[in-house]
Amino acid sequence: MKTPTIQTSRLILRPLALSDAPAIQRHFNNWNIIRNLATVVPWPYPDDGAETFIRRELEKIAAGEEVHHWVLALRPGDGEAIGNIHFRATAETKDNRGFWLAEPYWNRGLMTEAISAVNDFAFNTLGIEQFYVCNAVSNEASRRVKQKTGAEFVGYVEIAHHNGQSKSERWRVTRENWLRLNRL
Ligand SMILES: CC(C)(COP(=O)(O)OP(=O)(O)OC[C@H]1O[C@@H](n2cnc3c(N)ncnc32)[C@H](O)[C@@H]1OP(=O)(O)O)[C@@H](O)C(=O)NCCC(=O)NCCS
C-alpha cells in the first residue's frame, strides 16, 4: 500500500521525499539523537548521509518492500521536515518501527501524537494484528512514548547502540491493546 499523508492536530506526516534531505541532514546530524540509535546509523554523520539514506529507502519502497516512511512537519508551519518515522509491516523482524524528532521540539508530546496516528494506520488501514518495537534501556523518552501508545514490555534483546548500550527493551503493540486504550 502507498504511504498516505496523515494529519494530526499539530503535525503533518507525509511520505519521505528526496527534497527532505537538507532538513534531515541539518536536524539528524546531532549526537543527542544518534547516541540513542543502533550502530547501523553512520557516525560521524557523512555530509551526504541524509541523501544516501533517502535514496536507499525510496529504492526499497520502489522494489516493493513493505516499509512506510514519513517525515513530520509542524502545522501550521513551513513544511520543513523535523523528524522521521518508519514502519515495517512485516512479521519477521526484531523491531518494526523507528523514529526521531529534531531536538528543539522534544518533550511537547509530538512524537506521541505522531505514533498514535501511525498505530491507527497500522491497525485500521493495514489491518495488522500486532508488531514489535525496541529501544535501548537507557532511552527514557523512547520508552515513555511506547508506554503512552499502548506498547507492552515483552523482554530484552541485544542491539548495539552508539552510546555503548547493547541491552534493548522489546515491546509488543497489539490491535486489542490499542483499541482498548482508545476507548478509555
Ligand atoms: C524519542 C523521541 C522521538 C521522543 O520525542 P518527543 O516528541 O519528545 O516525545 P513525547 O514528548 O511525545 O514524549 C516524551 C516523554 O518522555 C519523557 N522524557 C523525556 N526525557 C526523559 C528522561 N530523561 N527521563 C524520563 N522521561 C523522559 C517526557 O517527559 C515525555 O513523557 P511525558 O509526556 O509523560 O512527560 C525524541 O526524544 C528523540 O528523537 N530522541 C532521539 C532519537 C531516539 O531516541 N529515537 C528512538 C530510538 S528507539
# chains A, B, ... in the order shown; residues from 1 in each chain; ligands from 1

call {"tool": "residues_near_ligand", "arguments": {"ligand": "ligand 1", "cutoff": "8 Å", "atoms": "only C-alpha atoms and all ligand atoms", "output": "VMD selection string"}}
result
chain A and resid 32 to 37 83 98 to 103 105 to 113 133 to 136 139 to 145 148

call {"tool": "write_last_selection", "arguments": {"atoms": "N, CA and C atoms", "output": "compact mmCIF listing (two decimals), in the first residue's frame"}}
result
# COMPACT_ATOMS: atom_id res chain seq x y z
N ASN A 32 23.00 13.98 20.21
CA ASN A 32 21.94 13.71 21.18
C ASN A 32 20.83 12.82 20.59
N ILE A 33 20.70 12.83 19.28
CA ILE A 33 19.78 11.90 18.62
C ILE A 33 20.49 10.58 18.36
N ILE A 34 21.64 10.67 17.71
CA ILE A 34 22.32 9.46 17.20
C ILE A 34 22.77 8.54 18.33
N ARG A 35 23.14 9.09 19.48
CA ARG A 35 23.65 8.23 20.56
C ARG A 35 22.61 7.21 21.00
N ASN A 36 21.33 7.51 20.75
CA ASN A 36 20.25 6.59 21.15
C ASN A 36 19.95 5.54 20.09
N LEU A 37 20.62 5.63 18.95
CA LEU A 37 20.25 4.77 17.82
C LEU A 37 21.23 3.62 17.65
N GLY A 83 11.43 15.54 11.62
CA GLY A 83 11.57 14.21 12.19
C GLY A 83 11.20 13.16 11.16
N GLY A 98 10.84 2.75 13.77
CA GLY A 98 11.89 3.62 14.29
C GLY A 98 11.43 5.06 14.19
N PHE A 99 11.95 5.92 15.09
CA PHE A 99 11.55 7.34 15.00
C PHE A 99 12.60 8.23 15.63
N TRP A 100 12.63 9.46 15.16
CA TRP A 100 13.42 10.51 15.80
C TRP A 100 12.76 11.85 15.51
N LEU A 101 13.04 12.81 16.38
CA LEU A 101 12.50 14.16 16.25
C LEU A 101 13.63 15.14 16.50
N ALA A 102 13.64 16.25 15.77
CA ALA A 102 14.67 17.28 15.97
C ALA A 102 14.62 17.79 17.42
N GLU A 103 15.81 17.96 18.01
CA GLU A 103 15.91 18.24 19.45
C GLU A 103 15.10 19.45 19.93
N TYR A 105 12.29 20.31 19.45
CA TYR A 105 10.85 20.01 19.55
C TYR A 105 10.53 18.91 20.56
N TRP A 106 11.53 18.47 21.30
CA TRP A 106 11.31 17.36 22.24
C TRP A 106 10.40 17.76 23.41
N ASN A 107 9.78 16.74 23.98
CA ASN A 107 9.00 16.86 25.23
C ASN A 107 7.78 17.79 25.13
N ARG A 108 7.17 17.80 23.96
CA ARG A 108 5.90 18.52 23.78
C ARG A 108 4.80 17.53 23.41
N GLY A 109 5.10 16.25 23.47
CA GLY A 109 4.09 15.24 23.11
C GLY A 109 3.95 15.03 21.62
N LEU A 110 4.88 15.59 20.83
CA LEU A 110 4.71 15.50 19.37
C LEU A 110 4.89 14.07 18.85
N MET A 111 5.91 13.36 19.36
CA MET A 111 6.10 12.00 18.83
C MET A 111 4.97 11.09 19.29
N THR A 112 4.48 11.30 20.49
CA THR A 112 3.34 10.50 20.95
C THR A 112 2.14 10.72 20.02
N GLU A 113 1.94 11.97 19.64
CA GLU A 113 0.83 12.29 18.72
C GLU A 113 1.04 11.61 17.35
N VAL A 133 8.44 -3.33 18.83
CA VAL A 133 9.30 -2.14 18.81
C VAL A 133 10.36 -2.27 19.90
N CYS A 134 11.47 -1.58 19.73
CA CYS A 134 12.60 -1.71 20.68
C CYS A 134 13.18 -0.33 21.01
N ASN A 135 13.85 -0.28 22.16
CA ASN A 135 14.67 0.90 22.50
C ASN A 135 15.75 0.48 23.47
N ALA A 136 16.88 1.22 23.42
CA ALA A 136 17.95 0.97 24.39
C ALA A 136 17.38 1.18 25.79
N ASN A 139 17.13 4.67 27.09
CA ASN A 139 16.37 5.68 26.32
C ASN A 139 14.99 5.92 26.95
N GLU A 140 15.01 6.81 27.96
CA GLU A 140 13.78 7.06 28.75
C GLU A 140 12.67 7.65 27.88
N ALA A 141 13.02 8.58 26.99
CA ALA A 141 11.98 9.27 26.20
C ALA A 141 11.30 8.29 25.25
N SER A 142 12.09 7.42 24.62
CA SER A 142 11.51 6.46 23.69
C SER A 142 10.62 5.45 24.44
N ARG A 143 11.11 5.03 25.62
CA ARG A 143 10.29 4.12 26.44
C ARG A 143 8.94 4.79 26.78
N ARG A 144 9.01 6.04 27.14
CA ARG A 144 7.80 6.77 27.54
C ARG A 144 6.81 6.86 26.37
N VAL A 145 7.33 7.15 25.18
CA VAL A 145 6.44 7.21 24.00
C VAL A 145 5.74 5.86 23.84
N LYS A 148 3.05 5.33 26.39
CA LYS A 148 1.88 6.18 26.17
C LYS A 148 1.08 5.76 24.94

call {"tool": "select_by_dssp", "arguments": {"residues": "segment 41-171 of chain A", "states": "alpha helix (DSSP H)", "output": "ChimeraX atom specification"}}
result
/A:49-62,110-120,140-148

call {"tool": "residues_around", "arguments": {"residues": "Ala114 of chain A", "least_positions_apart": "4", "cutoff": "8 Å", "atoms": "only C-alpha atoms", "output": "list in words"}}
result
Thr8, Leu11, Leu13, Leu72, Leu110 and Val118 of chain A

call {"tool": "closest_residue", "arguments": {"among": "A:Thr149, A:Gln25, A:Thr39, A:Thr174", "to": "Thr52 of chain A", "atoms": "only C-alpha atoms"}}
result
A:Gln25

call {"tool": "closest_residue", "arguments": {"among": "A:Ala50, A:Ile159, A:Val137, A:Ala151", "to": "Leu181 of chain A", "atoms": "only C-alpha atoms"}}
result
A:Ala151

call {"tool": "closest_residue", "arguments": {"among": "A:Ala160, A:Val173, A:Ile128, A:Met1", "to": "Ala38 of chain A", "atoms": "only C-alpha atoms"}}
result
A:Ala160

call {"tool": "residues_around", "arguments": {"residues": "Pro46 of chain A", "least_positions_apart": "3", "cutoff": "12 Å", "atoms": "only C-alpha atoms", "output": "MDAnalysis selection string"}}
result
chainID A and resid 25:26 28:30 41:43 49:53

call {"tool": "select_by_dssp", "arguments": {"residues": "chain A", "states": "strand (DSSP E)", "output": "mmCIF file with C-alpha atoms, in the first residue's frame"}}
result
data_model
loop_
_atom_site.group_PDB
_atom_site.id
_atom_site.type_symbol
_atom_site.label_atom_id
_atom_site.label_comp_id
_atom_site.auth_asym_id
_atom_site.auth_seq_id
_atom_site.Cartn_x
_atom_site.Cartn_y
_atom_site.Cartn_z
ATOM 1 C CA ILE A 6 -1.706 11.822 7.657
ATOM 2 C CA GLN A 7 -2.808 14.916 9.541
ATOM 3 C CA LEU A 11 1.537 17.674 12.615
ATOM 4 C CA ILE A 12 1.511 16.558 9.031
ATOM 5 C CA LEU A 13 3.066 13.167 8.405
ATOM 6 C CA ARG A 14 3.944 12.998 4.735
ATOM 7 C CA PRO A 15 5.828 10.403 2.707
ATOM 8 C CA VAL A 67 8.114 -0.154 4.602
ATOM 9 C CA HIS A 68 6.417 3.183 5.217
ATOM 10 C CA HIS A 69 8.497 6.312 5.798
ATOM 11 C CA TRP A 70 7.028 9.603 6.923
ATOM 12 C CA VAL A 71 8.615 12.927 7.690
ATOM 13 C CA LEU A 72 6.985 15.042 10.372
ATOM 14 C CA ALA A 73 6.215 18.703 9.715
ATOM 15 C CA LEU A 74 4.520 21.187 12.044
ATOM 16 C CA GLY A 83 11.575 14.206 12.195
ATOM 17 C CA ASN A 84 11.081 10.797 10.653
ATOM 18 C CA ILE A 85 9.134 7.642 11.416
ATOM 19 C CA HIS A 86 9.436 4.351 9.594
ATOM 20 C CA PHE A 87 7.111 1.409 9.973
ATOM 21 C CA ARG A 88 7.832 -2.007 8.527
ATOM 22 C CA ARG A 97 9.386 0.805 13.790
ATOM 23 C CA GLY A 98 11.891 3.618 14.290
ATOM 24 C CA PHE A 99 11.555 7.337 14.996
ATOM 25 C CA TRP A 100 13.424 10.509 15.804
ATOM 26 C CA LEU A 101 12.500 14.158 16.249
ATOM 27 C CA GLN A 130 0.459 -6.797 16.263
ATOM 28 C CA PHE A 131 4.009 -5.589 15.823
ATOM 29 C CA TYR A 132 7.200 -5.173 17.876
ATOM 30 C CA VAL A 133 9.296 -2.143 18.810
ATOM 31 C CA CYS A 134 12.598 -1.706 20.678
ATOM 32 C CA ASN A 135 14.667 0.904 22.496
ATOM 33 C CA ALA A 136 17.945 0.968 24.394
ATOM 34 C CA ALA A 151 3.024 -0.974 23.979
ATOM 35 C CA GLU A 152 3.523 -3.835 26.455
ATOM 36 C CA PHE A 153 7.018 -4.826 27.561
ATOM 37 C CA VAL A 154 7.935 -8.366 26.498
ATOM 38 C CA GLY A 155 11.648 -8.725 27.310
ATOM 39 C CA TYR A 156 15.175 -7.830 26.347
ATOM 40 C CA VAL A 157 17.140 -8.206 23.107
ATOM 41 C CA GLU A 158 20.707 -7.349 22.141
ATOM 42 C CA LYS A 167 20.623 -4.083 26.070
ATOM 43 C CA SER A 168 17.315 -3.173 24.458
ATOM 44 C CA GLU A 169 13.775 -3.389 25.702
ATOM 45 C CA ARG A 170 11.360 -5.079 23.332
ATOM 46 C CA TRP A 171 7.680 -4.224 23.292
ATOM 47 C CA ARG A 172 4.593 -5.625 21.580
ATOM 48 C CA VAL A 173 1.832 -3.377 20.308
ATOM 49 C CA THR A 174 -1.418 -5.214 19.683
#

call {"tool": "atom_distance", "arguments": {"atom1": "atom CA of His27 of chain A", "atom2": "atom CA of His161 of chain A"}}
result
19.2 Å

call {"tool": "closest_residue", "arguments": {"among": "A:Asn163, A:Ala81, A:Asp47, A:Ala122", "to": "Arg175 of chain A", "atoms": "only C-alpha atoms"}}
result
A:Ala122
